[in-house]
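Asks: As input, take start-v2.cif (mmCIF, C-alpha atoms):
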```
data_data
loop_
_atom_site.label_atom_id
_atom_site.label_comp_id
_atom_site.auth_asym_id
_atom_site.auth_seq_id
_atom_site.Cartn_x
_atom_site.Cartn_y
_atom_site.Cartn_z
CA MET A 30 17.97 -14.64 22.46
CA GLU A 31 15.76 -12.44 20.33
CA ARG A 32 16.60 -8.78 20.20
CA PHE A 33 14.31 -5.85 19.46
CA ASP A 34 16.30 -2.58 19.41
CA ASP A 35 15.24 0.97 18.72
CA LEU A 36 16.00 4.69 19.11
CA LYS A 37 13.91 7.54 20.43
CA THR A 38 13.65 8.85 16.88
CA ILE A 39 11.63 5.81 15.85
CA LYS A 40 8.46 7.35 17.27
CA SER A 41 8.57 9.99 14.56
CA LEU A 42 9.64 7.63 11.80
CA LEU A 43 7.50 7.98 8.70
CA LEU A 44 4.63 10.04 10.03
CA LEU A 45 3.09 10.93 6.71
CA GLY A 46 2.52 14.66 6.65
CA ALA A 47 -1.03 15.46 7.66
CA GLY A 48 -1.42 11.70 7.72
CA ALA A 49 -5.05 11.74 6.69
CA PHE A 50 -6.12 9.06 4.25
CA LEU A 51 -9.37 8.59 2.42
CA LEU A 52 -10.50 5.09 1.66
CA ALA A 53 -12.54 4.69 -1.48
CA LEU A 54 -13.99 1.38 -2.54
CA GLY A 55 -15.94 1.29 -5.74
CA THR A 56 -17.60 -0.92 -8.30
CA SER A 57 -19.49 -0.41 -11.50
CA VAL A 58 -23.00 -1.79 -11.91
CA THR A 59 -21.87 -3.70 -14.99
CA ALA A 60 -18.17 -3.97 -14.21
CA THR A 61 -15.91 -6.96 -13.88
CA TYR A 62 -13.47 -4.83 -11.90
CA ALA A 63 -13.76 -3.52 -8.34
CA TRP A 64 -11.73 -0.56 -7.25
CA PHE A 65 -10.03 0.06 -3.93
CA GLU A 66 -8.25 3.38 -3.55
CA LEU A 67 -6.30 4.96 -0.71
CA THR A 68 -4.92 8.42 -1.22
CA ASN A 69 -3.39 11.16 0.87
CA ALA A 70 -6.14 13.55 1.92
CA GLN A 71 -4.15 16.57 0.74
CA LYS A 72 -5.01 15.39 -2.76
CA VAL A 73 -8.60 15.36 -3.94
CA SER A 74 -9.69 11.73 -4.08
CA GLU A 75 -11.39 10.50 -7.19
CA ILE A 76 -13.02 7.12 -7.60
CA GLY A 77 -11.57 5.18 -10.53
CA MET A 78 -13.87 2.89 -12.50
CA SER A 79 -12.90 0.21 -15.02
CA VAL A 80 -15.44 -1.63 -17.10
CA ALA A 81 -14.95 -4.87 -19.01
CA GLU A 82 -17.14 -7.65 -20.30
CA GLY A 83 -18.10 -10.17 -17.66
CA PRO A 84 -20.20 -10.66 -14.53
CA LYS A 85 -20.76 -8.05 -11.88
CA LEU A 86 -18.17 -7.82 -9.08
CA GLU A 87 -19.05 -5.97 -5.87
CA ILE A 88 -17.35 -5.10 -2.61
CA GLY A 89 -19.00 -4.35 0.72
CA LEU A 90 -18.73 -3.78 4.47
CA LYS A 91 -20.70 -5.29 7.32
CA GLN A 92 -23.47 -3.25 8.95
CA ASN A 93 -22.29 -2.12 12.37
CA LEU A 94 -19.89 -5.08 12.42
CA GLY A 95 -22.91 -7.40 12.38
CA ASP A 96 -23.89 -10.08 9.88
CA ASN A 97 -25.57 -7.97 7.18
CA ILE A 98 -23.37 -6.53 4.44
CA ASP A 99 -23.85 -3.20 2.67
CA TYR A 100 -22.54 -2.98 -0.89
CA TYR A 101 -21.53 0.38 -2.32
CA GLU A 102 -20.38 1.94 -5.54
CA ALA A 103 -18.16 4.23 -3.45
CA ILE A 104 -17.05 4.11 0.17
CA GLY A 105 -15.49 7.08 1.93
CA ASP A 106 -15.02 8.41 5.44
CA LYS A 107 -18.76 8.59 6.08
CA GLU A 108 -19.39 4.93 5.29
CA LEU A 109 -16.24 3.75 7.06
CA THR A 110 -17.17 5.62 10.21
CA GLU A 111 -20.63 4.06 10.12
CA HIS A 112 -19.22 0.54 9.76
CA TYR A 113 -16.10 0.96 11.89
CA PRO A 114 -16.83 2.95 15.07
CA SER A 115 -13.10 3.00 15.88
CA TYR A 116 -12.16 4.43 12.48
CA ALA A 117 -10.89 7.99 12.82
CA PRO A 118 -10.55 9.93 9.56
CA GLY A 119 -7.24 11.77 9.52
CA ALA A 120 -5.36 9.24 11.67
CA GLU A 121 -1.63 9.01 10.95
CA LEU A 122 0.25 5.95 9.84
CA SER A 123 3.22 5.02 12.00
CA PRO A 124 5.81 2.27 11.50
CA VAL A 125 4.86 -1.25 12.54
CA SER A 126 6.18 -4.63 11.44
CA GLY A 127 4.80 -7.81 9.95
CA MET A 128 7.48 -9.84 11.76
CA LYS A 129 6.71 -12.93 13.84
CA LEU A 130 4.21 -14.06 11.21
CA ASP A 131 4.11 -17.60 12.57
CA SER A 132 2.78 -16.26 15.89
CA TRP A 133 -0.67 -15.99 14.33
CA TYR A 134 -0.56 -17.44 10.80
CA ASN A 135 -0.14 -21.20 10.77
CA GLU A 136 -2.05 -24.42 10.06
CA ASP A 137 -4.48 -23.63 12.89
CA THR A 138 -5.42 -20.17 11.60
CA ASP A 139 -9.14 -19.76 10.90
CA LEU A 140 -9.09 -17.82 7.63
CA ALA A 141 -12.80 -17.07 7.97
CA SER A 142 -12.33 -14.96 11.11
CA ALA A 143 -8.64 -14.13 11.62
CA PHE A 144 -7.10 -10.66 11.32
CA PRO A 145 -3.43 -9.99 10.54
CA VAL A 146 -1.24 -9.21 13.56
CA LEU A 147 1.35 -6.43 13.29
CA TYR A 148 3.87 -5.45 15.94
CA SER A 149 4.81 -2.11 17.45
CA LEU A 150 8.35 -0.78 17.30
CA SER A 151 8.62 0.23 20.96
CA PRO A 152 11.99 1.32 22.40
CA GLY A 153 13.39 -0.59 25.33
CA ILE A 154 10.97 -3.52 25.11
CA PRO A 155 12.80 -6.85 24.60
CA THR A 156 9.66 -8.70 23.45
CA PRO A 157 7.61 -7.12 20.63
CA ILE A 158 4.03 -6.20 21.48
CA LYS A 159 1.04 -6.30 19.15
CA ALA A 160 0.24 -2.99 17.48
CA SER A 161 -3.23 -1.64 18.05
CA GLN A 162 -2.86 1.48 15.90
CA GLY A 163 -0.69 3.09 13.26
CA TYR A 164 -2.00 1.07 10.33
CA LEU A 165 -5.22 0.61 8.36
CA SER A 166 -7.06 -2.71 8.23
CA PHE A 167 -10.50 -3.27 6.72
CA GLU A 168 -12.67 -6.36 6.56
CA THR A 169 -14.17 -6.35 3.07
CA TYR A 170 -16.49 -8.74 1.25
CA PHE A 171 -16.37 -9.52 -2.45
CA ARG A 172 -19.35 -10.84 -4.36
CA CYS A 173 -19.47 -11.97 -7.98
CA GLU A 174 -22.33 -13.21 -10.20
CA GLU A 175 -20.31 -16.27 -11.18
CA SER A 176 -17.80 -18.42 -9.33
CA GLY A 177 -14.19 -17.52 -9.84
CA TYR A 178 -10.82 -16.52 -8.42
CA LEU A 179 -10.14 -12.99 -7.18
CA PHE A 180 -6.91 -11.39 -8.41
CA LEU A 181 -5.48 -7.91 -8.60
CA ASP A 182 -5.58 -6.28 -12.01
CA LYS A 183 -1.99 -5.32 -12.78
CA GLU A 184 -2.81 -2.43 -15.09
CA GLY A 185 -4.97 -0.76 -12.45
CA THR A 186 -2.85 -1.45 -9.37
CA PHE A 187 0.02 0.84 -8.51
CA LEU A 188 1.75 2.57 -5.62
CA SER A 189 3.04 6.00 -6.52
CA PRO A 190 4.35 9.05 -4.69
CA ASN A 191 2.02 12.01 -4.46
CA VAL A 192 4.40 14.12 -6.52
CA GLU A 193 2.63 17.47 -6.19
CA THR A 194 2.32 17.23 -2.41
CA ASN A 195 5.87 15.95 -1.98
CA ARG A 196 7.39 18.74 -4.09
CA GLU A 197 5.55 21.33 -2.00
CA THR A 198 6.70 19.73 1.25
CA GLU A 199 10.30 19.46 0.05
CA ALA A 200 10.34 23.12 -0.98
CA TYR A 201 8.89 24.19 2.36
CA TYR A 202 11.49 22.31 4.42
CA GLY A 203 14.40 22.83 2.02
CA LEU A 204 14.74 19.12 1.23
CA GLU A 205 16.31 17.61 -1.86
CA GLU A 206 13.77 17.40 -4.65
CA GLY A 207 12.43 13.87 -4.98
CA SER A 208 13.66 12.68 -1.59
CA LEU A 209 10.16 12.16 -0.13
CA ASP A 210 9.10 9.89 -2.99
CA ALA A 211 11.09 7.08 -1.36
CA VAL A 212 8.22 6.61 1.09
CA THR A 213 6.66 4.14 -1.34
CA LYS A 214 9.53 1.68 -0.93
CA CYS A 215 8.61 0.72 2.63
CA ILE A 216 4.82 0.47 2.15
CA ARG A 217 3.15 -2.93 2.39
CA VAL A 218 -0.36 -4.06 1.48
CA SER A 219 -1.57 -7.40 2.82
CA PHE A 220 -4.53 -9.58 1.92
CA LEU A 221 -6.01 -12.28 4.16
CA GLY A 222 -8.57 -14.46 2.36
CA ASN A 223 -9.65 -18.05 1.97
CA GLN A 224 -6.60 -18.72 -0.24
CA GLY A 225 -4.16 -17.66 2.49
CA TYR A 226 -2.18 -14.56 3.51
CA ARG A 227 -0.30 -12.45 0.98
CA ILE A 228 2.00 -9.49 1.55
CA LEU A 229 2.31 -7.26 -1.50
CA ASP A 230 5.52 -5.29 -1.98
CA LEU A 231 5.25 -3.31 -5.18
CA TYR A 232 8.99 -2.58 -5.26
CA LYS A 233 10.64 -5.82 -4.21
CA ASP A 234 9.92 -9.48 -4.79
CA GLY A 235 10.96 -12.24 -2.43
CA GLU A 236 12.83 -11.98 0.85
CA THR A 237 13.45 -8.86 2.94
CA GLU A 238 15.54 -9.05 6.10
CA LEU A 239 13.72 -7.53 9.05
CA ALA A 240 16.95 -6.64 10.82
CA GLY A 241 20.04 -4.65 9.99
CA ARG A 242 21.60 -1.20 10.11
CA LEU A 243 19.57 1.94 9.51
CA ASP A 244 20.20 5.65 9.13
CA LEU A 245 17.13 6.89 10.97
CA ASN A 246 18.10 10.55 11.11
CA GLY A 247 19.10 10.68 7.46
CA ASP A 248 22.57 12.14 8.06
CA GLY A 249 24.27 9.72 5.67
CA TYR A 250 25.81 7.56 8.40
CA PHE A 251 24.57 4.33 9.94
CA ASP A 252 23.32 5.02 13.48
CA SER A 253 25.66 4.17 16.33
CA LEU A 254 25.65 4.02 20.10
CA ASP A 255 28.57 3.73 22.53
CA GLY A 256 31.02 3.33 19.67
CA GLN A 257 29.15 0.61 17.77
CA GLU A 258 26.71 0.65 14.88
CA ILE A 259 23.19 -0.26 16.01
CA VAL A 260 21.45 -3.30 14.58
CA TYR A 261 17.69 -2.82 14.44
CA GLY A 262 14.87 -5.27 14.00
CA SER A 263 14.01 -8.82 14.94
CA TYR A 264 16.82 -11.38 14.99
CA THR A 265 18.41 -14.20 16.95
CA GLY A 266 22.06 -14.49 17.88
CA ASP A 267 24.45 -11.58 18.37
CA PRO A 268 25.95 -9.10 15.92
CA VAL A 269 29.69 -9.21 15.24
CA TYR A 270 31.55 -5.90 15.02
CA GLY A 271 34.83 -4.90 13.43
CA GLU A 272 37.54 -2.71 14.87
CA LYS A 273 36.95 1.01 15.24
CA THR A 274 38.55 2.93 12.40
CA ASP A 275 40.03 6.39 12.32
CA GLU A 276 38.49 7.20 8.94
CA VAL A 277 34.98 7.20 7.52
CA ILE A 278 34.08 3.92 5.80
CA ASP A 279 32.34 4.21 2.42
CA ASN A 280 29.95 1.24 2.24
CA GLY A 281 29.18 1.62 -1.43
CA GLU A 282 26.75 3.46 -3.67
CA GLY A 283 23.34 4.03 -2.13
CA LEU A 284 24.41 3.00 1.38
CA PRO A 285 25.11 5.23 4.39
CA LYS A 286 28.71 5.50 5.59
CA THR A 287 30.25 4.26 8.84
CA ALA A 288 31.46 7.16 10.96
CA ALA A 289 35.07 7.45 12.11
CA GLY A 290 35.64 6.07 15.59
CA VAL A 291 32.73 3.59 15.28
CA ALA A 292 32.92 -0.22 15.15
CA PRO A 293 31.13 -1.35 11.95
CA PHE A 294 28.59 -4.17 11.93
CA LEU A 295 30.02 -7.12 10.01
CA GLU A 296 27.04 -8.75 8.33
CA GLU A 297 28.66 -11.81 6.79
CA GLN A 298 30.75 -12.64 9.85
CA SER A 299 27.68 -12.18 12.05
CA LYS A 300 25.70 -14.71 10.04
CA GLU A 301 28.59 -17.16 10.16
CA GLN A 302 28.50 -16.86 13.96
CA GLY A 303 24.76 -17.55 14.22
CA PHE A 304 23.21 -14.12 13.69
CA ILE A 305 19.86 -14.84 11.99
CA PRO A 306 17.61 -11.94 10.90
CA GLU A 307 13.92 -12.64 10.55
CA ILE A 308 12.81 -12.80 6.91
CA GLU A 309 9.72 -11.23 5.36
CA GLN A 310 8.28 -13.19 2.45
CA ALA A 311 6.59 -10.65 0.19
CA THR A 312 4.87 -11.25 -3.14
CA SER A 313 5.13 -9.21 -6.32
CA ILE A 314 2.26 -7.70 -8.25
CA ASP A 315 3.05 -10.18 -11.06
CA SER A 316 2.16 -13.11 -8.78
CA LEU A 317 -1.04 -11.58 -7.39
CA SER A 318 -2.42 -10.19 -10.64
CA LEU A 319 -3.90 -11.68 -13.77
CA ASP A 320 -4.86 -10.67 -17.25
CA TYR A 321 -8.66 -11.02 -17.27
CA ASN A 322 -8.56 -12.25 -20.86
CA GLU A 323 -6.50 -15.31 -19.92
CA PRO A 324 -8.66 -18.44 -19.47
CA ASN A 325 -6.66 -19.84 -16.56
CA PHE A 326 -3.64 -19.25 -14.35
CA ASP A 327 -0.50 -21.06 -13.26
CA PRO A 328 -0.94 -22.05 -9.57
CA ALA A 329 2.82 -22.41 -9.21
CA THR A 330 3.52 -18.74 -9.93
CA GLN A 331 0.18 -16.91 -9.60
CA PHE A 332 -1.71 -16.72 -6.34
CA PRO A 333 -5.38 -15.68 -6.10
CA LEU A 334 -6.49 -13.60 -3.13
CA ALA A 335 -9.71 -15.57 -2.69
CA TYR A 336 -12.08 -18.01 -4.32
CA LEU A 337 -15.57 -16.59 -4.84
CA GLU A 338 -18.65 -18.79 -4.92
CA ALA A 339 -21.31 -17.37 -7.22
CA ASN A 340 -23.37 -14.67 -5.47
CA GLU A 341 -21.82 -15.50 -2.08
CA PRO A 342 -19.92 -12.81 -0.10
CA THR A 343 -16.27 -13.76 0.46
CA ARG A 344 -14.23 -12.18 3.23
CA VAL A 345 -10.89 -10.50 2.47
CA VAL A 346 -9.06 -8.39 5.07
CA ILE A 347 -7.02 -5.64 3.36
CA SER A 348 -4.32 -3.91 5.42
CA LEU A 349 -1.98 -1.03 4.65
CA TYR A 350 1.10 -0.43 6.77
CA ILE A 351 4.66 0.83 6.87
CA GLU A 352 7.18 -1.97 7.37
CA GLY A 353 9.31 -0.24 9.98
CA TRP A 354 12.21 -2.67 9.62
CA ASP A 355 12.50 -2.16 5.90
CA LYS A 356 15.86 -0.50 5.33
CA ASP A 357 14.13 2.10 3.15
CA ALA A 358 12.18 3.28 6.21
CA SER A 359 14.02 6.29 7.62
CA GLU A 360 13.49 9.87 8.65
CA GLN A 361 14.50 10.84 5.13
CA VAL A 362 10.94 10.12 4.06
CA VAL A 363 9.11 11.72 6.97
CA ASP A 364 6.15 13.68 5.55
CA GLY A 365 6.24 11.65 2.33
CA ALA A 366 2.82 11.29 0.69
CA PHE A 367 1.71 8.52 -1.63
CA ASN A 368 -1.26 7.12 -3.53
CA LEU A 369 -2.26 3.48 -3.57
CA ASP A 370 -4.66 2.08 -6.13
CA LEU A 371 -5.80 -1.53 -6.04
CA ARG A 372 -8.03 -2.84 -8.77
CA PHE A 373 -9.54 -6.31 -8.59
CA VAL A 374 -10.66 -8.76 -11.24
CA CYS A 375 -12.47 -12.09 -11.01
CA LEU A 376 -11.31 -14.97 -13.22
CA ASN A 377 -14.49 -16.94 -13.71
CA VAL A 378 -14.56 -20.71 -13.45
CA ILE A 379 -16.05 -22.52 -16.42
CA LYS A 380 -18.01 -25.48 -15.17
CA GLU A 381 -17.74 -28.62 -17.26
CA GLY A 382 -20.66 -30.88 -18.05
#
```
The structure given in the file should be rewritten as structure tokens.
Replies:
Amino acid sequence: MERFDDLKTIKSLLLLGAGAFLLALGTSVTATYAWFELTNAQKVSEIGMSVAEGPKLEIGLKQNLGDNIDYYEAIGDKELTEHYPSYAPGAELSPVSGMKLDSWYNEDTDLASAFPVLYSLSPGIPTPIKASQGYLSFETYFRCEESGYLFLDKEGTFLSPNVETNRETEAYYGLEEGSLDAVTKCIRVSFLGNQGYRILDLYKDGETELAGRLDLNGDGYFDSLDGQEIVYGSYTGDPVYGEKTDEVIDNGEGLPKTAAGVAPFLEEQSKEQGFIPEIEQATSIDSLSLDYNEPNFDPATQFPLAYLEANEPTRVVISLYIEGWDKDASEQVVDGAFNLDLRFVCLNVIKEG
């Protein structure tokens, strides 16, 4: 039977300071690159532009969620509010999860109209419910003068802590210097386009277990309840626990300890007995990006976000969220601020004949 456990502290997990984010989408009139920037509002947002030889690439939003698309050189709160009536500048991110992917993404998914489904981390609810807030999701449209494949540009795409803001916050609360920068490790960016659904994790590549032990209050010990460590997340089967010990268990460098008098979760034995955590399949920046100067790409290792027909708008839904079941998501990074920059490039198709 599927389990979905939580603590009261989860509701405050990873609320990002003032939590206000500014979305900036930009293009250059003669650019091959398009720019998508999200930054903490405590930092002045600047639109980044990159120019290279090649056809014009644009990005736009639908007018009042209708059929007509407005294209901009820069998009901020004003434009987003006009196009998304429900968009509230200054809204906070809260932890959600991309688990249960097959509940909406499968062979029957209509890529031309679907939106990603994320799930709330609600305490005491055995069946996860769809999240309606706590994350950012925007329906964007890319348009290029020539047909080609849309990729991220690796040199212009990065996720970085907002160092100045984080140092100020750490000093104010008496936190260890650098501790809030870990917020970047649990951030996800997803792309839903006509080439499929991609989850970008800029720090890890491959599989992430969406279940396990966490130290939500950041005290250096895995959380426990009624004498047992708590297993969070989405999984099937039942956890297996060891015997309570009189001494603190050191679980190794970089891992929280197990408190004395608590039965530790035995991961390997649990899996042998049928405990199966749900797995997130994320993709690295290396697989979603491309050097614009390369004439082609390897479809076995590089995955375009969309295919663009010349001068035709192509839909891509871009979402930003905190993966709440990532083991790096804890109260240690509450109030952490970060900057996300996504830069796009179109690899043009050379027509033969």
Asks: Excluding Thr198 in chain A and residues on its chain fewer than 4 positions from it, collect all residues at most 8 Å away from it, counting only C-alpha atoms, and give them as a PyMOL selection string.
Replies: chain A and resi 194+202+364
Asks: Can you turn the PyMOL selection byres ((chain A and resi 267-284) around 9) into a concrete residue list for this file, as a PyMOL selection string?
Replies: chain A and resi 30-32+249-251+256-258+260+264-266+285-300+302-305
Asks: Using only C-alpha atoms, please write the residues we just selected to a file, as a PDB file, keeping the file's coordinate frame.
Replies:
```
ATOM      1  CA  MET A  30      17.970 -14.640  22.460  1.00  0.00           C
ATOM      2  CA  GLU A  31      15.760 -12.440  20.330  1.00  0.00           C
ATOM      3  CA  ARG A  32      16.600  -8.780  20.200  1.00  0.00           C
ATOM      4  CA  GLY A 249      24.270   9.720   5.670  1.00  0.00           C
ATOM      5  CA  TYR A 250      25.810   7.560   8.400  1.00  0.00           C
ATOM      6  CA  PHE A 251      24.570   4.330   9.940  1.00  0.00           C
ATOM      7  CA  GLY A 256      31.020   3.330  19.670  1.00  0.00           C
ATOM      8  CA  GLN A 257      29.150   0.610  17.770  1.00  0.00           C
ATOM      9  CA  GLU A 258      26.710   0.650  14.880  1.00  0.00           C
ATOM     10  CA  VAL A 260      21.450  -3.300  14.580  1.00  0.00           C
ATOM     11  CA  TYR A 264      16.820 -11.380  14.990  1.00  0.00           C
ATOM     12  CA  THR A 265      18.410 -14.200  16.950  1.00  0.00           C
ATOM     13  CA  GLY A 266      22.060 -14.490  17.880  1.00  0.00           C
ATOM     14  CA  PRO A 285      25.110   5.230   4.390  1.00  0.00           C
ATOM     15  CA  LYS A 286      28.710   5.500   5.590  1.00  0.00           C
ATOM     16  CA  THR A 287      30.250   4.260   8.840  1.00  0.00           C
ATOM     17  CA  ALA A 288      31.460   7.160  10.960  1.00  0.00           C
ATOM     18  CA  ALA A 289      35.070   7.450  12.110  1.00  0.00           C
ATOM     19  CA  GLY A 290      35.640   6.070  15.590  1.00  0.00           C
ATOM     20  CA  VAL A 291      32.730   3.590  15.280  1.00  0.00           C
ATOM     21  CA  ALA A 292      32.920  -0.220  15.150  1.00  0.00           C
ATOM     22  CA  PRO A 293      31.130  -1.350  11.950  1.00  0.00           C
ATOM     23  CA  PHE A 294      28.590  -4.170  11.930  1.00  0.00           C
ATOM     24  CA  LEU A 295      30.020  -7.120  10.010  1.00  0.00           C
ATOM     25  CA  GLU A 296      27.040  -8.750   8.330  1.00  0.00           C
ATOM     26  CA  GLU A 297      28.660 -11.810   6.790  1.00  0.00           C
ATOM     27  CA  GLN A 298      30.750 -12.640   9.850  1.00  0.00           C
ATOM     28  CA  SER A 299      27.680 -12.180  12.050  1.00  0.00           C
ATOM     29  CA  LYS A 300      25.700 -14.710  10.040  1.00  0.00           C
ATOM     30  CA  GLN A 302      28.500 -16.860  13.960  1.00  0.00           C
ATOM     31  CA  GLY A 303      24.760 -17.550  14.220  1.00  0.00           C
ATOM     32  CA  PHE A 304      23.210 -14.120  13.690  1.00  0.00           C
ATOM     33  CA  ILE A 305      19.860 -14.840  11.990  1.00  0.00           C
TER      34      ILE A 305
END
```
Asks: Would you work out the distance separating CA of Asp210 in chain A from CA of Leu239 in chain A, expressed in Å to one decimal?
Replies: 21.7 Å
Asks: What is the CA of Glu108 in chain A-CA of Pro145 in chain A distance in Å, reported with one decimal?
Replies: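 Going from CA of Glu108 in chain A over to CA of Pro145 in chain A, I get 22.5 Å.
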Asks: Expressed in Å to a single decimal, how great is the separation between CA of Leu317 in chain A and CA of Gln162 in chain A?
Replies: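 Going from CA of Leu317 in chain A over to CA of Gln162 in chain A covers 26.8 Å.
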Asks: Write out as a PDB file with C-alpha atoms, in the frame of the given file which residues come within 10 Å of Ala335 in chain A when counting all atoms listed in the file, dropping same-chain ones fewer than 5 positions away.
Replies:
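That gives us out_37.pdb:
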```
ATOM      1  CA  PHE A 171     -16.370  -9.520  -2.450  1.00  0.00           C
ATOM      2  CA  GLY A 177     -14.190 -17.520  -9.840  1.00  0.00           C
ATOM      3  CA  TYR A 178     -10.820 -16.520  -8.420  1.00  0.00           C
ATOM      4  CA  LEU A 179     -10.140 -12.990  -7.180  1.00  0.00           C
ATOM      5  CA  PHE A 180      -6.910 -11.390  -8.410  1.00  0.00           C
ATOM      6  CA  PHE A 220      -4.530  -9.580   1.920  1.00  0.00           C
ATOM      7  CA  LEU A 221      -6.010 -12.280   4.160  1.00  0.00           C
ATOM      8  CA  GLY A 222      -8.570 -14.460   2.360  1.00  0.00           C
ATOM      9  CA  ASN A 223      -9.650 -18.050   1.970  1.00  0.00           C
ATOM     10  CA  GLN A 224      -6.600 -18.720  -0.240  1.00  0.00           C
ATOM     11  CA  GLY A 225      -4.160 -17.660   2.490  1.00  0.00           C
ATOM     12  CA  TYR A 226      -2.180 -14.560   3.510  1.00  0.00           C
ATOM     13  CA  THR A 343     -16.270 -13.760   0.460  1.00  0.00           C
ATOM     14  CA  ARG A 344     -14.230 -12.180   3.230  1.00  0.00           C
ATOM     15  CA  VAL A 345     -10.890 -10.500   2.470  1.00  0.00           C
ATOM     16  CA  CYS A 375     -12.470 -12.090 -11.010  1.00  0.00           C
TER      17      CYS A 375
END
```
Asks: Given the choices A:Ser189, A:Ser348, A:Ser219, A:Asn340, which gets closest to Asp370 in chain A if the distance is worked out from all atoms listed in the file?
Replies: A:Ser189
Asks: Could you check which of A:Thr110, A:Ser126, A:Asn191, A:Asn246 is closest to Pro157 in chain A, using only C-alpha atoms?
Replies: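 Among the listed residues, the smallest separation from Pro157 in chain A belongs to A:Ser126.
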Asks: Convert the output of the PyMOL selection byres ((chain A and resi 188) around 9) on the shown file into explicit residues, formatted as a ChimeraX atom specification.
Replies: /A:186-187,189-190,213,216,231-232,367-371
Asks: I would like the residues chosen by the PyMOL selection byres ((chain A and resi 127-132) around 8) on the shown file; could you give them as a list of chain:residue names?
Replies: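 After applying the PyMOL selection byres ((chain A and resi 127-132) around 8), what remains is A:Val125, A:Ser126, A:Trp133, A:Tyr134, A:Asn135, A:Val146, A:Leu147, A:Tyr148, A:Leu239, A:Ser263, A:Glu307, A:Ile308, A:Glu309, A:Glu352.
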Asks: My list of candidates is A:Asp182, A:Asp327, A:Asp355, A:Glu175. Which is closest to Lys233 in chain A when distances are computed with only C-alpha atoms?
Replies: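 Under the stated criterion, the closest residue is A:Asp355.
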